[in-house]
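Structure record follows, encoded as C-alpha cells.
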Amino acid sequence: MNPSPPPLLLIVDDDDAFRRPTAELLRDEGYRVETAGGAAEAGEFLEHQAIDLLLLDLRMPGIGGLQVIEVLRRRGSRVPILMISGYGSVETAVESLRLGADDFLTKPVDPEELIRRVKELLDRRPRASRLEEATNHGIVGQSAAIGEVLEMVAQVAETEATVLVSGETGTGKELVARAVHELSPRRSGPFVPVNCAALAEGLLESELFGHIRGAFTGADRDREGLFATADKGTLLLDEVGDMSLRLQKRLLRVLQEGEATPVGASKPRKVDVRVVAATHRDLKTEMEAGRFRDDLYYRLAVFPIRIPPLRDRRGDVPLLVGHVLDRLADRSSAPVPTAVAASAMKALKAHAWPGNVRELFAAVESAAIRAREGEIGVEHLPPEVRGEASDAPSRYRAPTKTDDERGEIATALASAHGVRADAATLLGMSRTTLWRRMKALGLDEEASSS
C-alpha cells in the first residue's frame, strides 16, 4: 500500500518576511507548503488544487482574511483555517471564529506554538473536507440524496474494501469511483478504468490479465494486463454485470488470492490492486437468472453505493446547469451564455432525464450553442425537454441583466478598489465568470470608460 502524501498547507500573507520563513519552518516538519501573497493569488491556487489547511493573514491589501473566510464558507468549503494576525484582539479573534475560522494566532508567532496548532487542526480536520476537495471538480450537487453518496464515499475510501457502485446509465458512476480512489491511501497510484461491456470476452480477458507470447494467434510478445497496470492503485471494472461467467470465475480468484494469471501462462502473478466495480444492472436479479455468480457478488459488494437518478434530485439541476456553462466557457473560444431564463430552468427541472446527468450535460451544451450568448431560453432547449415544462411555480430565479446583479458586482468592485481578481474572489466566482457577467450586463464598457 502506498503511504499517504504529507498534508498540503497554503500560507496566505502579504508580508514576505513572515511568509517565507514560516513556509520553511513547516516544510522542515515534513509538510508540503505553498504560499500566496494575497486573496486573488490564493483564489487562483484553490481553483485547481485541494489543500489540507489554510493559514490566513487577517489584514491584506484589497480583500482581507475575514472576507476570504466568508467566501470559502459560503461556497461550502470546510478546509480548516488558522487565522494569523499582527492586530490581534479578543474582538477580532471572536469575529474570525464566528465567520468560520478554526483557530487564531497573534504575531509574532512562536514557532513551537505554530507547529502545535497546525498539528492539532490537521488531526481533527473533518473527513468530509478532503472529500469535498477531491470531488468538487466532478460531483456536483447539494441534495440530501447526493450528500448520502458522498458520505458513503468518505466512509469507505480510507479502507481497502471492494466497492460496488450501481446506478442508471449516465448517473456518474465513474466519478464516484474516482472519488473513492482520490481519497484513498492509493491516490498517488494509478486509476485504471475498463468497460467490461465494450470488449469481446477474449479481448477483455487479455486486457485484464495480460498474455504471454504465443498464447494465441497474433500474440508475438508478452503483455501486461490492466491488473498489473493498476498495481498499487485502483482498477474500475465498469459494467461488471456484462462480464461472462467464465471471466467472473477468473475475477473471483484475483479477489480471493490477490494474484492473476496471464492468458497462456501457468503461474499466477501477485497483484496489489483495489477493485471498484460499477454496473447499471440489478446484480441480484442477474444472480437469480444465473447470469452472475453469487460468490463474486458478495466479494464485490462489500460496500455497495447506489447513485440516485437525476429525477430523484431535481434540486441539483440548477447547480449542474451552471457547472456545464462554466466548463463550456473555460474550454470554448466561442461565446457562451451567462444565464438561463426562469422558464427554461423550469423546463429543465421538469424533464424526467432518462439519460440522467449525461443527458442533461448534452442538452445544456446544445442549448448553449443555439443561444450563443446572453440567456438560454426555452426555445433553445431540445424539443423533448421544453415539452415537459409544468405550470408549477419554480423556486429557481436565474441571474439576468437586472439592477440587482449589476449592483452586486459594482459593490464588489468598489470593495476591491476596482481590482477584478479581488472582486471575483469576494463574489465567490472565477475571474472568467466575472468577466462574462460584466460583459453581459454592460459593466465591462462602463469600467473601461471610467
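Chain labels run A, B, ... following the order of the C-alpha cells; each chain numbers its residues from 1, and ligands are numbered from 1 in the order shown.
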**Message:** Excluding region 317-322 of chain A and its own-chain neighbours fewer than 3 positions away, which residues fall within 7 Å of it when counting only C-alpha atoms? Please give them as a VMD selection string.
**Reply:** chain A and resid 140 to 141 314 325 to 326 349 364
Just the alpha helix (DSSP H) stuff from region 119-340 of chain A, please, per backbone DSSP, written as a tab-separated table (two decimals) with N, CA and C atoms, in the first residue's frame.
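Wrote it out as result.tsv, contents follow:
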```
chain	number	residue	atom	x	y	z
A	119	LYS	N	-0.62	20.96	13.82
A	119	LYS	CA	-0.82	19.52	14.01
A	119	LYS	C	-2.21	19.23	14.58
A	120	GLU	N	-2.64	20.04	15.54
A	120	GLU	CA	-3.96	19.82	16.14
A	120	GLU	C	-5.07	19.98	15.11
A	121	LEU	N	-4.97	21.00	14.27
A	121	LEU	CA	-6.00	21.22	13.26
A	121	LEU	C	-6.03	20.10	12.23
A	122	LEU	N	-4.86	19.64	11.82
A	122	LEU	CA	-4.81	18.54	10.85
A	122	LEU	C	-5.33	17.25	11.45
A	123	ASP	N	-5.06	17.03	12.74
A	123	ASP	CA	-5.52	15.79	13.38
A	123	ASP	C	-7.04	15.74	13.51
A	124	ARG	N	-7.67	16.90	13.64
A	124	ARG	CA	-9.11	16.88	13.84
A	124	ARG	C	-9.91	17.36	12.63
A	127	ARG	N	-13.26	14.50	7.84
A	127	ARG	CA	-13.04	13.65	6.69
A	127	ARG	C	-13.75	14.22	5.47
A	128	ALA	N	-14.89	14.85	5.68
A	128	ALA	CA	-15.67	15.38	4.56
A	128	ALA	C	-14.96	16.49	3.82
A	129	SER	N	-14.03	17.22	4.49
A	129	SER	CA	-13.36	18.30	3.80
A	129	SER	C	-12.47	17.75	2.70
A	130	ARG	N	-11.80	16.62	2.94
A	130	ARG	CA	-11.00	16.02	1.89
A	130	ARG	C	-11.89	15.51	0.78
A	131	LEU	N	-13.05	14.99	1.13
A	131	LEU	CA	-13.99	14.52	0.13
A	131	LEU	C	-14.42	15.67	-0.77
A	132	GLU	N	-14.77	16.78	-0.15
A	132	GLU	CA	-15.21	17.96	-0.90
A	132	GLU	C	-14.14	18.41	-1.88
A	133	GLU	N	-12.89	18.49	-1.41
A	133	GLU	CA	-11.83	18.98	-2.26
A	133	GLU	C	-11.52	18.00	-3.39
A	134	ALA	N	-11.68	16.70	-3.11
A	134	ALA	CA	-11.35	15.70	-4.13
A	134	ALA	C	-12.43	15.58	-5.18
A	135	THR	N	-13.66	15.97	-4.88
A	135	THR	CA	-14.76	15.75	-5.81
A	135	THR	C	-15.35	17.03	-6.38
A	144	ALA	N	-29.90	16.05	-0.49
A	144	ALA	CA	-29.67	15.04	0.54
A	144	ALA	C	-29.26	13.72	-0.10
A	145	ALA	N	-29.82	13.42	-1.28
A	145	ALA	CA	-29.53	12.15	-1.95
A	145	ALA	C	-28.06	12.05	-2.34
A	146	ILE	N	-27.52	13.11	-2.95
A	146	ILE	CA	-26.11	13.06	-3.35
A	146	ILE	C	-25.22	13.20	-2.13
A	147	GLY	N	-25.71	13.90	-1.10
A	147	GLY	CA	-24.94	14.03	0.13
A	147	GLY	C	-24.70	12.67	0.78
A	148	GLU	N	-25.70	11.79	0.74
A	148	GLU	CA	-25.54	10.45	1.30
A	148	GLU	C	-24.50	9.66	0.53
A	149	VAL	N	-24.48	9.84	-0.79
A	149	VAL	CA	-23.47	9.16	-1.61
A	149	VAL	C	-22.07	9.62	-1.22
A	150	LEU	N	-21.88	10.93	-1.08
A	150	LEU	CA	-20.57	11.46	-0.75
A	150	LEU	C	-20.12	11.02	0.65
A	151	GLU	N	-21.06	10.92	1.56
A	151	GLU	CA	-20.70	10.46	2.91
A	151	GLU	C	-20.25	9.01	2.88
A	152	MET	N	-20.92	8.18	2.06
A	152	MET	CA	-20.50	6.78	1.94
A	152	MET	C	-19.12	6.68	1.30
A	153	VAL	N	-18.85	7.53	0.32
A	153	VAL	CA	-17.52	7.56	-0.29
A	153	VAL	C	-16.48	7.88	0.76
A	154	ALA	N	-16.77	8.87	1.60
A	154	ALA	CA	-15.83	9.26	2.66
A	154	ALA	C	-15.60	8.13	3.64
A	155	GLN	N	-16.65	7.38	3.94
A	155	GLN	CA	-16.53	6.28	4.91
A	155	GLN	C	-15.64	5.16	4.39
A	156	VAL	N	-15.77	4.82	3.12
A	156	VAL	CA	-15.10	3.62	2.60
A	156	VAL	C	-13.73	3.91	2.00
A	157	ALA	N	-13.48	5.16	1.61
A	157	ALA	CA	-12.28	5.47	0.83
A	157	ALA	C	-10.99	5.07	1.53
A	173	LYS	N	-21.23	7.10	-12.34
A	173	LYS	CA	-20.60	6.03	-11.54
A	173	LYS	C	-19.09	6.12	-11.56
A	174	GLU	N	-18.52	6.50	-12.71
A	174	GLU	CA	-17.05	6.59	-12.76
A	174	GLU	C	-16.55	7.74	-11.90
A	175	LEU	N	-17.29	8.84	-11.82
A	175	LEU	CA	-16.88	9.95	-10.96
A	175	LEU	C	-16.81	9.51	-9.50
A	176	VAL	N	-17.79	8.72	-9.07
A	176	VAL	CA	-17.80	8.23	-7.69
A	176	VAL	C	-16.61	7.29	-7.47
A	177	ALA	N	-16.35	6.43	-8.45
A	177	ALA	CA	-15.21	5.52	-8.33
A	177	ALA	C	-13.90	6.31	-8.23
A	178	ARG	N	-13.77	7.36	-9.02
A	178	ARG	CA	-12.57	8.19	-8.96
A	178	ARG	C	-12.44	8.88	-7.61
A	179	ALA	N	-13.58	9.30	-7.05
A	179	ALA	CA	-13.54	9.94	-5.73
A	179	ALA	C	-13.05	8.96	-4.67
A	180	VAL	N	-13.49	7.72	-4.74
A	180	VAL	CA	-13.00	6.69	-3.81
A	180	VAL	C	-11.49	6.57	-3.93
A	181	HIS	N	-11.00	6.55	-5.16
A	181	HIS	CA	-9.55	6.44	-5.37
A	181	HIS	C	-8.81	7.67	-4.85
A	182	GLU	N	-9.31	8.86	-5.18
A	182	GLU	CA	-8.62	10.10	-4.81
A	182	GLU	C	-8.55	10.31	-3.31
A	183	LEU	N	-9.49	9.73	-2.57
A	183	LEU	CA	-9.49	9.88	-1.12
A	183	LEU	C	-8.76	8.75	-0.40
A	201	GLU	N	-15.27	-11.16	-25.12
A	201	GLU	CA	-14.77	-11.92	-23.98
A	201	GLU	C	-13.27	-12.18	-24.06
A	202	GLY	N	-12.79	-12.65	-25.22
A	202	GLY	CA	-11.37	-12.95	-25.34
A	202	GLY	C	-10.50	-11.72	-25.21
A	203	LEU	N	-10.92	-10.61	-25.80
A	203	LEU	CA	-10.14	-9.38	-25.71
A	203	LEU	C	-10.15	-8.83	-24.30
A	204	LEU	N	-11.31	-8.90	-23.63
A	204	LEU	CA	-11.39	-8.41	-22.25
A	204	LEU	C	-10.48	-9.24	-21.34
A	205	GLU	N	-10.44	-10.55	-21.55
A	205	GLU	CA	-9.59	-11.42	-20.74
A	205	GLU	C	-8.13	-11.02	-20.89
A	206	SER	N	-7.71	-10.79	-22.14
A	206	SER	CA	-6.32	-10.40	-22.39
A	206	SER	C	-6.04	-9.02	-21.81
A	207	GLU	N	-7.01	-8.08	-21.91
A	207	GLU	CA	-6.84	-6.74	-21.37
A	207	GLU	C	-6.66	-6.78	-19.86
A	208	LEU	N	-7.46	-7.58	-19.18
A	208	LEU	CA	-7.42	-7.62	-17.72
A	208	LEU	C	-6.20	-8.35	-17.19
A	209	PHE	N	-5.93	-9.53	-17.73
A	209	PHE	CA	-4.93	-10.41	-17.15
A	209	PHE	C	-3.59	-10.40	-17.89
A	226	LEU	N	-4.31	-5.14	-17.30
A	226	LEU	CA	-4.69	-3.96	-16.54
A	226	LEU	C	-4.54	-4.17	-15.04
A	227	PHE	N	-4.62	-5.41	-14.57
A	227	PHE	CA	-4.36	-5.64	-13.14
A	227	PHE	C	-2.93	-5.26	-12.81
A	228	ALA	N	-2.00	-5.55	-13.72
A	228	ALA	CA	-0.61	-5.17	-13.50
A	228	ALA	C	-0.43	-3.66	-13.66
A	229	THR	N	-1.12	-3.08	-14.64
A	229	THR	CA	-1.03	-1.64	-14.86
A	229	THR	C	-1.51	-0.86	-13.64
A	245	LEU	N	-19.62	-15.52	-17.44
A	245	LEU	CA	-19.46	-16.35	-16.25
A	245	LEU	C	-18.03	-16.89	-16.14
A	246	ARG	N	-17.40	-17.20	-17.28
A	246	ARG	CA	-16.03	-17.72	-17.23
A	246	ARG	C	-15.07	-16.66	-16.69
A	247	LEU	N	-15.22	-15.42	-17.15
A	247	LEU	CA	-14.35	-14.36	-16.66
A	247	LEU	C	-14.69	-13.98	-15.22
A	248	GLN	N	-15.96	-14.12	-14.85
A	248	GLN	CA	-16.33	-13.88	-13.46
A	248	GLN	C	-15.56	-14.82	-12.53
A	249	LYS	N	-15.39	-16.06	-12.97
A	249	LYS	CA	-14.65	-17.03	-12.15
A	249	LYS	C	-13.19	-16.61	-12.00
A	250	ARG	N	-12.59	-16.11	-13.08
A	250	ARG	CA	-11.21	-15.66	-13.03
A	250	ARG	C	-11.07	-14.42	-12.14
A	251	LEU	N	-12.05	-13.54	-12.22
A	251	LEU	CA	-12.02	-12.33	-11.39
A	251	LEU	C	-12.14	-12.70	-9.91
A	252	LEU	N	-12.97	-13.67	-9.61
A	252	LEU	CA	-13.13	-14.11	-8.22
A	252	LEU	C	-11.80	-14.57	-7.64
A	253	ARG	N	-11.02	-15.27	-8.44
A	253	ARG	CA	-9.73	-15.76	-7.94
A	253	ARG	C	-8.79	-14.59	-7.61
A	254	VAL	N	-8.82	-13.56	-8.44
A	254	VAL	CA	-7.99	-12.40	-8.15
A	254	VAL	C	-8.38	-11.78	-6.82
A	255	LEU	N	-9.68	-11.65	-6.58
A	255	LEU	CA	-10.15	-11.05	-5.34
A	255	LEU	C	-9.84	-11.92	-4.13
A	256	GLN	N	-9.89	-13.23	-4.31
A	256	GLN	CA	-9.64	-14.14	-3.19
A	256	GLN	C	-8.16	-14.31	-2.89
A	257	GLU	N	-7.35	-14.43	-3.95
A	257	GLU	CA	-5.95	-14.80	-3.77
A	257	GLU	C	-4.97	-13.63	-3.95
A	283	LEU	N	-27.76	-6.61	-10.02
A	283	LEU	CA	-26.99	-7.85	-9.96
A	283	LEU	C	-27.72	-8.95	-9.19
A	284	LYS	N	-28.59	-8.59	-8.26
A	284	LYS	CA	-29.35	-9.63	-7.56
A	284	LYS	C	-30.31	-10.33	-8.52
A	285	THR	N	-30.90	-9.57	-9.42
A	285	THR	CA	-31.76	-10.17	-10.46
A	285	THR	C	-30.92	-11.03	-11.38
A	286	GLU	N	-29.73	-10.55	-11.73
A	286	GLU	CA	-28.83	-11.33	-12.59
A	286	GLU	C	-28.41	-12.62	-11.90
A	287	MET	N	-28.22	-12.58	-10.59
A	287	MET	CA	-27.87	-13.79	-9.85
A	287	MET	C	-29.00	-14.81	-9.91
A	288	GLU	N	-30.23	-14.34	-9.70
A	288	GLU	CA	-31.39	-15.23	-9.73
A	288	GLU	C	-31.57	-15.87	-11.10
A	294	ASP	N	-23.05	-15.80	-7.43
A	294	ASP	CA	-23.34	-15.34	-6.07
A	294	ASP	C	-22.07	-15.00	-5.31
A	295	ASP	N	-21.07	-15.90	-5.41
A	295	ASP	CA	-19.84	-15.69	-4.63
A	295	ASP	C	-19.09	-14.45	-5.09
A	296	LEU	N	-19.13	-14.14	-6.39
A	296	LEU	CA	-18.47	-12.93	-6.87
A	296	LEU	C	-19.24	-11.69	-6.41
A	297	TYR	N	-20.55	-11.77	-6.43
A	297	TYR	CA	-21.36	-10.62	-5.99
A	297	TYR	C	-20.99	-10.22	-4.56
A	298	TYR	N	-20.90	-11.20	-3.67
A	298	TYR	CA	-20.62	-10.87	-2.27
A	298	TYR	C	-19.18	-10.40	-2.07
A	299	ARG	N	-18.29	-10.79	-2.98
A	299	ARG	CA	-16.92	-10.27	-2.94
A	299	ARG	C	-16.86	-8.82	-3.40
A	300	LEU	N	-17.68	-8.50	-4.41
A	300	LEU	CA	-17.67	-7.14	-4.94
A	300	LEU	C	-18.46	-6.17	-4.08
A	317	VAL	N	-30.43	20.33	-10.31
A	317	VAL	CA	-30.38	20.70	-11.73
A	317	VAL	C	-29.77	22.09	-11.95
A	318	PRO	N	-30.18	23.15	-11.21
A	318	PRO	CA	-29.55	24.46	-11.44
A	318	PRO	C	-28.03	24.44	-11.24
A	319	LEU	N	-27.56	23.72	-10.22
A	319	LEU	CA	-26.12	23.64	-9.99
A	319	LEU	C	-25.42	22.94	-11.15
A	320	LEU	N	-26.03	21.86	-11.64
A	320	LEU	CA	-25.44	21.11	-12.75
A	320	LEU	C	-25.41	21.95	-14.02
A	321	VAL	N	-26.47	22.71	-14.25
A	321	VAL	CA	-26.51	23.59	-15.42
A	321	VAL	C	-25.40	24.63	-15.34
A	322	GLY	N	-25.25	25.26	-14.18
A	322	GLY	CA	-24.18	26.23	-14.00
A	322	GLY	C	-22.81	25.61	-14.20
A	323	HIS	N	-22.64	24.37	-13.75
A	323	HIS	CA	-21.37	23.66	-13.92
A	323	HIS	C	-21.06	23.46	-15.39
A	324	VAL	N	-22.07	23.08	-16.18
A	324	VAL	CA	-21.86	22.87	-17.61
A	324	VAL	C	-21.46	24.18	-18.29
A	325	LEU	N	-22.17	25.27	-17.97
A	325	LEU	CA	-21.85	26.54	-18.61
A	325	LEU	C	-20.45	27.03	-18.25
A	326	ASP	N	-20.05	26.85	-17.00
A	326	ASP	CA	-18.70	27.24	-16.60
A	326	ASP	C	-17.65	26.41	-17.33
A	327	ARG	N	-17.93	25.11	-17.47
A	327	ARG	CA	-16.99	24.23	-18.16
A	327	ARG	C	-16.89	24.61	-19.64
A	328	LEU	N	-18.02	24.94	-20.27
A	328	LEU	CA	-18.01	25.36	-21.67
A	328	LEU	C	-17.22	26.65	-21.85
A	329	ALA	N	-17.41	27.59	-20.93
A	329	ALA	CA	-16.70	28.87	-21.02
A	329	ALA	C	-15.20	28.68	-20.91
A	330	ASP	N	-14.78	27.73	-20.09
A	330	ASP	CA	-13.34	27.50	-19.88
A	330	ASP	C	-12.67	26.88	-21.09
A	331	ARG	N	-13.44	26.08	-21.85
A	331	ARG	CA	-12.79	25.33	-22.94
A	331	ARG	C	-13.16	25.82	-24.33
```
**Request:** Would you list the contacts of Arg386 (chain A) as a list of chain:residue names, taking every protein, DNA or RNA residue within 12 Å and counting only C-alpha atoms, but skipping same-chain residues closer than 6 positions in sequence?
**Result:**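 Contacts, with the query itself left out: A:Ser343, A:Ala344, A:Met345, A:Lys346, A:Ala347, A:Leu348, A:Lys349, A:Ala350, A:His351, A:Ala352, A:Ala363, A:Val364, A:Ala367, A:Ile376, A:Gly377, A:Val378, A:Glu379, A:His380.
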